[in-house]
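One file, query-v8.cif, is given below (mmCIF, C-alpha atoms).
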data_start
loop_
_atom_site.label_atom_id
_atom_site.label_comp_id
_atom_site.auth_asym_id
_atom_site.auth_seq_id
_atom_site.Cartn_x
_atom_site.Cartn_y
_atom_site.Cartn_z
CA MET Z 601 8.31 -35.03 -39.47
CA LYS Z 602 8.29 -36.17 -35.81
CA LYS Z 603 11.34 -34.03 -35.16
CA ILE Z 604 9.62 -30.97 -36.67
CA LYS Z 605 6.51 -31.54 -34.54
CA PHE Z 606 8.66 -31.90 -31.43
CA LEU Z 607 10.48 -28.65 -32.20
CA LEU Z 608 7.17 -26.85 -32.73
CA VAL Z 609 5.82 -28.10 -29.41
CA LEU Z 610 9.04 -27.07 -27.68
CA PHE Z 611 8.94 -23.62 -29.30
CA ASN Z 612 5.33 -23.07 -28.21
CA ALA Z 613 6.16 -24.14 -24.66
CA ILE Z 614 9.08 -21.70 -24.52
CA LEU Z 615 6.86 -18.95 -25.94
CA ILE Z 616 4.17 -19.57 -23.31
CA VAL Z 617 6.67 -19.52 -20.46
CA SER Z 618 8.26 -16.36 -21.86
CA CYS Z 619 4.89 -14.60 -22.05
CA GLU Z 620 4.04 -15.68 -18.52
CA ASN Z 621 7.34 -14.30 -17.25
CA GLU Z 622 6.68 -10.96 -18.92
CA THR Z 623 3.24 -10.39 -17.36
CA LYS Z 624 2.28 -9.82 -13.75
CA LYS Z 625 -1.20 -9.44 -12.34
CA LEU Z 626 -2.18 -6.05 -10.93
CA PHE Z 627 -5.25 -5.52 -8.73
CA VAL Z 628 -6.75 -2.02 -8.64
CA GLY Z 629 -9.06 -0.65 -5.97
CA THR Z 630 -11.34 2.29 -6.79
CA PHE Z 631 -13.89 4.63 -5.31
CA SER Z 632 -17.42 3.91 -6.49
CA GLU Z 633 -17.85 7.03 -8.59
CA ASN Z 634 -17.38 8.07 -12.21
CA ASN Z 635 -19.00 4.78 -13.28
CA SER Z 636 -16.49 2.58 -11.48
CA GLU Z 637 -17.71 -1.00 -11.16
CA GLY Z 638 -15.55 -2.00 -8.18
CA LEU Z 639 -12.35 -4.04 -7.96
CA TYR Z 640 -10.41 -4.38 -11.23
CA SER Z 641 -7.38 -6.29 -12.45
CA PHE Z 642 -4.91 -5.88 -15.32
CA LEU Z 643 -2.01 -7.81 -16.75
CA PHE Z 644 1.18 -5.76 -16.64
CA ASN Z 645 3.90 -6.42 -19.20
CA THR Z 646 7.24 -6.14 -17.40
CA ASP Z 647 9.07 -5.65 -20.69
CA SER Z 648 7.02 -2.88 -22.30
CA GLY Z 649 5.13 -1.51 -19.29
CA GLU Z 650 1.77 -2.03 -21.01
CA LEU Z 651 -1.42 -2.65 -19.00
CA THR Z 652 -3.83 -4.99 -20.77
CA TYR Z 653 -6.77 -7.36 -20.19
CA LYS Z 654 -8.73 -5.05 -17.90
CA LYS Z 655 -11.22 -7.09 -15.90
CA VAL Z 656 -13.83 -6.38 -13.24
CA GLU Z 657 -12.86 -8.91 -10.58
CA VAL Z 658 -15.60 -8.07 -8.05
CA LYS Z 659 -18.46 -5.61 -8.13
CA ILE Z 660 -18.05 -4.07 -4.69
CA LYS Z 661 -18.63 -0.61 -3.21
CA ASP Z 662 -15.55 1.52 -2.57
CA PRO Z 663 -12.79 -1.12 -2.51
CA SER Z 664 -10.38 1.66 -1.57
CA PHE Z 665 -7.51 -0.38 -0.18
CA LEU Z 666 -6.25 -3.89 -0.91
CA THR Z 667 -3.54 -6.10 0.50
CA ILE Z 668 -2.30 -9.57 -0.41
CA SER Z 669 -1.12 -12.29 1.97
CA THR Z 670 2.57 -13.20 1.94
CA ASN Z 671 1.82 -16.61 0.43
CA LYS Z 672 -0.10 -14.89 -2.43
CA LYS Z 673 -3.18 -17.02 -1.81
CA PHE Z 674 -5.52 -14.40 -0.37
CA LEU Z 675 -6.62 -10.84 -1.10
CA TYR Z 676 -8.16 -8.58 1.55
CA VAL Z 677 -10.32 -5.61 0.58
CA THR Z 678 -11.86 -2.74 2.54
CA LYS Z 679 -15.37 -1.57 1.76
CA ARG Z 680 -18.05 0.74 3.00
CA THR Z 681 -21.22 -0.97 4.14
CA ASN Z 682 -24.00 -0.68 6.70
CA GLU Z 683 -24.80 -4.40 6.72
CA PHE Z 684 -23.16 -4.96 10.12
CA VAL Z 685 -24.37 -3.59 13.46
CA ASN Z 686 -22.14 -0.82 14.86
CA SER Z 687 -19.93 -0.85 11.77
CA LYS Z 688 -19.59 1.67 8.97
CA GLY Z 689 -17.37 -0.65 7.02
CA ALA Z 690 -16.01 -4.16 6.62
CA VAL Z 691 -13.14 -6.23 5.28
CA SER Z 692 -13.73 -8.94 2.67
CA ALA Z 693 -11.43 -11.95 2.31
CA TYR Z 694 -10.96 -13.53 -1.13
CA LYS Z 695 -9.11 -16.62 -2.24
CA ILE Z 696 -7.03 -15.90 -5.34
CA GLU Z 697 -7.81 -18.57 -7.93
CA GLU Z 698 -6.65 -19.03 -11.51
CA ASN Z 699 -9.93 -17.82 -12.95
CA GLY Z 700 -10.70 -15.06 -10.47
CA LEU Z 701 -11.50 -14.32 -6.84
CA LYS Z 702 -13.58 -16.50 -4.53
CA GLU Z 703 -15.08 -14.69 -1.55
CA MET Z 704 -14.34 -16.45 1.72
CA ASN Z 705 -16.22 -14.09 4.04
CA THR Z 706 -16.84 -10.46 4.97
CA VAL Z 707 -16.62 -9.19 8.54
CA GLY Z 708 -17.60 -5.79 9.94
CA THR Z 709 -15.02 -3.59 11.59
CA GLY Z 710 -17.02 -2.98 14.75
CA GLY Z 711 -16.21 0.68 14.19
CA GLY Z 712 -15.62 3.10 11.37
CA TYR Z 713 -14.87 2.82 7.67
CA PRO Z 714 -11.48 1.14 7.08
CA CYS Z 715 -9.04 2.93 4.78
CA HIS Z 716 -6.14 0.45 5.08
CA VAL Z 717 -5.52 -3.22 5.85
CA GLY Z 718 -2.23 -4.83 6.83
CA VAL Z 719 -1.50 -8.56 7.15
CA SER Z 720 1.16 -10.15 9.36
CA GLU Z 721 4.09 -11.99 7.76
CA LYS Z 722 2.73 -15.36 8.90
CA GLY Z 723 -0.74 -14.43 7.69
CA ASP Z 724 -2.34 -15.05 11.07
CA PHE Z 725 -3.43 -11.46 11.85
CA LEU Z 726 -5.01 -8.65 9.87
CA ALA Z 727 -5.36 -5.06 11.06
CA ALA Z 728 -7.90 -2.65 9.57
CA SER Z 729 -7.26 1.04 10.24
CA CYS Z 730 -10.49 3.02 10.48
CA TYR Z 731 -10.07 6.70 9.68
CA SER Z 732 -13.59 7.86 10.42
CA ASP Z 733 -13.59 6.98 14.12
CA GLY Z 734 -9.87 6.56 14.78
CA SER Z 735 -10.00 2.87 15.59
CA LEU Z 736 -8.22 -0.40 14.86
CA SER Z 737 -9.93 -3.72 14.12
CA ILE Z 738 -7.55 -6.66 14.51
CA TYR Z 739 -8.73 -9.99 13.10
CA ASN Z 740 -7.46 -13.52 13.56
CA VAL Z 741 -7.01 -15.05 10.11
CA GLN Z 742 -8.04 -18.70 9.70
CA GLU Z 743 -6.05 -21.29 7.75
CA ASP Z 744 -8.42 -20.98 4.79
CA GLY Z 745 -7.78 -17.23 4.64
CA SER Z 746 -11.13 -16.22 6.10
CA LEU Z 747 -11.46 -13.68 8.90
CA SER Z 748 -12.66 -14.48 12.39
CA ALA Z 749 -15.77 -12.78 13.70
CA ASN Z 750 -15.57 -10.19 16.49
CA PRO Z 751 -12.18 -8.60 15.85
CA GLN Z 752 -10.28 -6.94 18.66
CA TYR Z 753 -11.35 -3.30 18.71
CA ILE Z 754 -8.94 -0.57 19.80
CA ASN Z 755 -10.25 2.99 19.93
CA HIS Z 756 -7.56 5.65 19.76
CA LYS Z 757 -10.00 8.28 20.99
CA ILE Z 758 -9.64 7.16 24.59
CA LEU Z 759 -5.87 7.61 24.35
CA ASP Z 760 -6.00 11.33 23.60
CA SER Z 761 -8.64 13.76 24.83
CA ILE Z 762 -7.62 16.81 22.76
CA LYS Z 763 -6.89 15.73 19.20
CA LYS Z 764 -9.31 13.77 17.02
CA ALA Z 765 -8.04 10.27 16.28
CA LYS Z 766 -7.81 9.23 12.60
CA ALA Z 767 -6.09 5.85 12.25
CA HIS Z 768 -4.76 5.56 8.72
CA ALA Z 769 -2.33 2.66 8.22
CA SER Z 770 -1.05 -0.40 10.10
CA ILE Z 771 1.98 -2.63 9.53
CA PHE Z 772 2.97 -5.80 11.39
CA THR Z 773 6.65 -6.43 12.15
CA PRO Z 774 8.45 -9.01 14.30
CA ASP Z 775 8.14 -6.42 17.12
CA GLY Z 776 4.35 -6.24 16.90
CA LEU Z 777 2.05 -3.74 15.22
CA PHE Z 778 2.63 -0.11 14.19
CA THR Z 779 -0.29 2.22 13.36
CA ALA Z 780 -0.08 5.73 11.93
CA ASP Z 781 -2.76 8.02 13.36
CA LEU Z 782 -3.10 11.13 11.23
CA GLY Z 783 -5.24 12.98 13.77
CA LEU Z 784 -3.04 12.27 16.80
CA ASP Z 785 0.21 13.12 14.96
CA ALA Z 786 1.66 9.84 16.13
CA VAL Z 787 2.62 6.31 15.21
CA LYS Z 788 1.22 3.95 17.86
CA ARG Z 789 2.93 0.67 18.79
CA TYR Z 790 1.35 -2.58 19.98
CA VAL Z 791 2.64 -6.00 20.95
CA HIS Z 792 0.81 -9.33 21.20
CA ASP Z 793 0.71 -10.74 24.73
CA GLY Z 794 -0.40 -14.21 23.64
CA ASN Z 795 -4.06 -13.27 23.81
CA LYS Z 796 -4.50 -9.81 22.35
CA PHE Z 797 -2.58 -6.74 21.22
CA ILE Z 798 -1.61 -4.32 24.00
CA PRO Z 799 0.45 -1.10 23.99
CA HIS Z 800 4.18 -1.60 23.45
CA SER Z 801 6.65 -0.29 26.02
CA GLN Z 802 7.27 2.51 23.52
CA GLU Z 803 3.60 3.34 23.11
CA THR Z 804 3.96 6.32 20.77
CA LEU Z 805 6.31 7.75 18.19
CA ASP Z 806 5.40 11.43 18.27
CA LEU Z 807 5.45 13.74 15.25
CA PRO Z 808 5.09 17.55 15.16
CA ASN Z 809 1.64 19.01 15.76
CA GLY Z 810 -0.21 19.21 12.46
CA ALA Z 811 2.08 16.76 10.64
CA GLY Z 812 -0.64 14.20 9.92
CA PRO Z 813 1.24 10.89 9.50
CA ARG Z 814 -0.55 8.90 6.80
CA HIS Z 815 1.55 5.98 5.53
CA PHE Z 816 4.95 4.57 6.43
CA LYS Z 817 7.56 2.01 5.41
CA PHE Z 818 10.47 0.23 7.09
CA ASN Z 819 13.74 -0.59 5.39
CA ALA Z 820 14.61 -4.29 5.05
CA THR Z 821 16.38 -4.58 8.41
CA LYS Z 822 13.77 -2.48 10.29
CA ALA Z 823 16.62 -0.19 11.37
CA PHE Z 824 14.88 2.82 9.80
CA LEU Z 825 11.25 3.89 9.60
CA TYR Z 826 10.02 6.40 7.02
CA VAL Z 827 6.72 8.24 7.66
CA ILE Z 828 5.02 10.45 5.10
CA ASN Z 829 3.01 13.26 6.66
CA GLU Z 830 -0.11 14.33 4.79
CA LEU Z 831 -0.78 17.71 6.35
CA ASN Z 832 2.62 19.41 6.47
CA SER Z 833 4.03 17.69 3.35
CA THR Z 834 7.10 16.14 4.94
CA ILE Z 835 8.80 12.79 5.46
CA THR Z 836 10.10 11.96 8.94
CA VAL Z 837 12.89 9.43 9.39
CA PHE Z 838 13.15 7.36 12.58
CA LYS Z 839 16.12 5.23 13.62
CA ARG Z 840 15.88 2.14 15.80
CA ASN Z 841 18.17 2.17 18.83
CA GLU Z 842 19.80 -0.68 20.78
CA ILE Z 843 16.69 -1.28 22.94
CA GLY Z 844 14.29 -1.39 19.97
CA GLU Z 845 12.86 2.10 20.27
CA TYR Z 846 12.56 4.45 17.28
CA LYS Z 847 13.86 8.02 17.53
CA THR Z 848 13.53 10.87 15.02
CA ILE Z 849 16.68 11.70 13.08
CA GLU Z 850 15.32 14.10 10.42
CA THR Z 851 12.23 15.59 8.78
CA ILE Z 852 12.41 16.88 5.20
CA PRO Z 853 9.87 18.52 2.83
CA THR Z 854 8.34 16.70 -0.13
CA VAL Z 855 7.31 19.73 -2.23
CA ALA Z 856 9.43 22.27 -4.09
CA LYS Z 857 10.42 25.45 -2.22
CA ASN Z 858 8.66 27.62 -4.78
CA TYR Z 859 5.41 25.64 -4.69
CA THR Z 860 2.71 27.80 -3.04
CA GLY Z 861 -0.47 25.80 -3.55
CA GLU Z 862 -2.17 23.33 -1.22
CA ASN Z 863 -0.63 19.89 -0.95
CA PHE Z 864 -1.56 16.68 0.84
CA CYS Z 865 0.96 13.84 0.83
CA ALA Z 866 -0.39 10.34 0.35
CA ASP Z 867 1.69 7.23 -0.32
CA ILE Z 868 5.30 6.18 0.29
CA HIS Z 869 7.43 3.30 -1.05
CA LEU Z 870 11.06 2.18 -1.07
CA SER Z 871 12.70 0.63 -4.09
CA LYS Z 872 13.30 -3.07 -3.68
CA ASP Z 873 17.06 -2.60 -3.47
CA GLY Z 874 16.56 -0.14 -0.61
CA ASN Z 875 18.41 2.67 -2.37
CA PHE Z 876 15.56 5.07 -3.14
CA LEU Z 877 12.41 6.37 -1.48
CA TYR Z 878 9.37 7.76 -3.29
CA GLY Z 879 6.47 9.83 -1.93
CA SER Z 880 3.33 11.15 -3.63
CA ASN Z 881 2.15 14.77 -3.47
CA ARG Z 882 -1.54 15.47 -4.02
CA GLY Z 883 -1.76 19.10 -5.10
CA GLU Z 884 1.73 19.54 -6.52
CA ASN Z 885 0.83 16.27 -8.29
CA THR Z 886 4.33 14.86 -8.21
CA ILE Z 887 6.32 11.89 -7.03
CA ALA Z 888 9.20 13.12 -4.85
CA ILE Z 889 12.35 11.01 -5.27
CA PHE Z 890 15.00 10.63 -2.57
CA LYS Z 891 18.31 8.76 -2.35
CA ILE Z 892 18.71 6.75 0.86
CA ASN Z 893 22.01 6.70 2.73
CA ASN Z 894 21.99 3.04 3.77
CA SER Z 895 24.39 3.71 6.66
CA THR Z 896 22.58 6.63 8.29
CA GLY Z 897 19.08 6.18 6.86
CA GLN Z 898 18.99 9.84 5.88
CA LEU Z 899 17.50 11.14 2.65
CA SER Z 900 18.76 13.43 -0.09
CA LEU Z 901 16.49 14.81 -2.78
CA VAL Z 902 17.06 13.45 -6.28
CA GLY Z 903 14.15 15.17 -8.02
CA ARG Z 904 10.43 15.26 -8.66
CA SER Z 905 8.37 13.76 -11.44
CA SER Z 906 4.95 14.93 -12.60
CA VAL Z 907 2.39 12.17 -12.17
CA HIS Z 908 0.72 13.08 -15.50
CA GLY Z 909 -2.59 13.20 -13.69
CA ASN Z 910 -4.37 14.65 -10.69
CA TRP Z 911 -4.37 13.50 -7.06
CA PRO Z 912 -1.88 10.60 -6.83
CA ARG Z 913 -3.45 8.78 -3.90
CA ASN Z 914 -1.47 5.56 -4.26
CA PHE Z 915 1.38 4.14 -6.32
CA SER Z 916 3.33 0.91 -6.66
CA ILE Z 917 6.72 -0.32 -7.87
CA ASP Z 918 6.41 -3.38 -10.10
CA PRO Z 919 7.98 -6.78 -9.24
CA THR Z 920 10.97 -6.18 -11.54
CA ASN Z 921 11.80 -2.84 -9.86
CA ASN Z 922 11.90 -1.30 -13.36
CA PHE Z 923 8.56 0.50 -13.34
CA LEU Z 924 6.49 2.72 -11.08
CA LEU Z 925 2.71 2.99 -11.53
CA VAL Z 926 0.58 5.83 -10.11
CA ALA Z 927 -3.16 5.78 -9.34
CA ASN Z 928 -4.43 9.31 -10.06
CA GLN Z 929 -7.81 9.49 -8.36
CA LYS Z 930 -9.24 12.73 -9.75
CA SER Z 931 -8.00 12.43 -13.33
CA ASN Z 932 -9.22 8.82 -13.61
CA ASN Z 933 -5.99 7.34 -14.92
CA ILE Z 934 -3.07 5.09 -14.03
CA SER Z 935 0.28 6.51 -15.15
CA VAL Z 936 3.16 4.18 -15.98
CA PHE Z 937 6.81 5.24 -15.57
CA ARG Z 938 10.04 3.47 -16.33
CA ARG Z 939 12.40 3.67 -13.34
CA ASP Z 940 16.15 4.14 -13.66
CA LYS Z 941 17.65 1.81 -11.07
CA LYS Z 942 20.90 3.77 -10.86
CA SER Z 943 19.54 7.31 -10.55
CA GLY Z 944 16.07 6.57 -9.19
CA MET Z 945 14.53 8.96 -11.71
CA LEU Z 946 11.26 8.28 -13.54
CA SER Z 947 10.42 8.51 -17.25
CA PHE Z 948 6.75 8.71 -18.23
CA LEU Z 949 5.66 6.07 -20.75
CA HIS Z 950 1.87 6.17 -21.05
CA ASP Z 951 -1.34 5.89 -19.07
CA VAL Z 952 -4.63 4.00 -19.05
CA LYS Z 953 -8.04 5.36 -18.14
CA LEU Z 954 -9.90 3.92 -15.15
CA PRO Z 955 -12.58 5.53 -12.95
CA SER Z 956 -11.22 6.83 -9.61
CA PRO Z 957 -8.26 4.45 -9.08
CA VAL Z 958 -6.99 4.65 -5.50
CA CYS Z 959 -4.99 1.49 -4.77
CA LEU Z 960 -2.54 -0.64 -6.79
CA GLN Z 961 -1.38 -4.06 -5.61
CA PHE Z 962 0.74 -6.46 -7.65
CA LEU Z 963 0.09 -10.14 -6.98
CA GLU Z 964 3.86 -10.69 -7.00
CA ASN Z 965 6.33 -8.37 -5.32
#
Show me, as structure tokens, the structure contained in the file I just sent.
Amino acid sequence: MKKIKFLLVLFNAILIVSCENETKKLFVGTFSENNSEGLYSFLFNTDSGELTYKKVEVKIKDPSFLTISTNKKFLYVTKRTNEFVNSKGAVSAYKIEENGLKEMNTVGTGGGYPCHVGVSEKGDFLAASCYSDGSLSIYNVQEDGSLSANPQYINHKILDSIKKAKAHASIFTPDGLFTADLGLDAVKRYVHDGNKFIPHSQETLDLPNGAGPRHFKFNATKAFLYVINELNSTITVFKRNEIGEYKTIETIPTVAKNYTGENFCADIHLSKDGNFLYGSNRGENTIAIFKINNSTGQLSLVGRSSVHGNWPRNFSIDPTNNFLLVANQKSNNISVFRRDKKSGMLSFLHDVKLPSPVCLQFLEN
């Protein structure tokens, strides 16, 4: 009898561990429309691709972009608010706990409404990109994950007197900070001088007039930089040279040659093995799929996949690299695709309904 009880306990323990290994937590940011309640979470089954246990994590207005610290302890969320003087928005810091999110603090941007937040690898800096006034708000992050008051404010408007600045995304690297400015058709570079962030020796990576750089990704070695351009529906590839500067090597379209409608690119991601690149097309409503030449960094088109929805603002590859999930803002659904690791192609599985989903972030990556 004791042996039977022991075996039952052991079986249950194995079952619990197995279930835990098959599910990963997914946070979903939304726009506060179509009866959205704010910031949601799901459990994602990495075997079947099912999304279950939908939960409202925080009732917050327009949590349109989320990012998670490298140590997986903290979640940072943009929001629109007028509660701070001279700020149209703010960033909220949350501690990720077993039973939910605990708010640490919320700090105004000192400028416009933030549409993106990026956290440094060490977790000591956070940059909020503010589209509405073309500014950056750079925060010191405290040990408890909270944000310091009075972030460094950088206004791109003073850097260009002709075009209208629209900062859209920021990423920290060992070289400093990169920021895509959609309005200036440029990726700006900054470096920390021990006190604050100042322009890098290569201040600007220029793109063609009217390109509208929106989001970007580096490959694992930072040898190549991939920028998706919202306004002319292209991806531009930059290569790092021997002195650490990035130079353009190619620009390729994201939409089909016979597509004649309007299109606005949105998000971009690389597969975790570095072999494929994906970009979302709002209008054509597709995910464009490219094979990466790991020697040259150049791209070759593999195909396109319908997003089975409308207006794919954001998407994410799951921690197993086997699935790709798309947040379709206007059709109020999240589409789930199985990803072929060898070909890069996507196979639609199913979708779940959710009001105005605009950002997907897995707790694990």
> On this structure, which residues satisfy the PyMOL selection byres ((chain Z and resi 869) around 10), written as an MDAnalysis selection string?
Replying inline: chainID Z and resid 815:819 826 828 867:868 870:872 874 876:880 914:917
> Nearest to Asp951 (chain Z): which of Z:Ala856, Z:Leu651, Z:Ile660, Z:Ala820 is it, counting all atoms listed in the file?
Replying inline: Z:Leu651
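Interatomic distance, CA of Lys857 (chain Z) to CA of Leu825 (chain Z): 24.6 Å.
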> Applied to this file, what does the PyMOL selection byres ((chain Z and resi 847) around 12) return in terms of residues, put as a ChimeraX atom specification?
Replying inline: /Z:787,802,804-807,823-826,836-846,848-851
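This file gives the following result for the PyMOL selection byres ((chain Z and resi 686-702) around 6): Z:Lys673, Z:Phe674, Z:Leu675, Z:Tyr676, Z:Val677, Z:Thr678, Z:Lys679, Z:Arg680, Z:Thr681, Z:Asn682, Z:Phe684, Z:Val685, Z:Glu703, Z:Met704, Z:Asn705, Z:Thr706, Z:Val707, Z:Gly708, Z:Thr709, Z:Gly710, Z:Gly711, Z:Gly712, Z:Tyr713, Z:Ser746.
The interatomic distance for the pair CA of Asp940 (chain Z) and CA of Glu830 (chain Z) works out to 26.6 Å.
Of the listed residues (Z:Ser770, Z:Thr860, Z:Asn645, Z:Ser900), Z:Ser770 comes nearest to Val827 (chain Z); the distances count only C-alpha atoms.
CA of Ile887 (chain Z) lies 6.5 Å from CA of Val907 (chain Z).
Distances from Z:Glu683, Z:Asp744, Z:Asp781, Z:Glu803 to Ser732 (chain Z) were compared using only C-alpha atoms, and the smallest one belongs to Z:Asp781.
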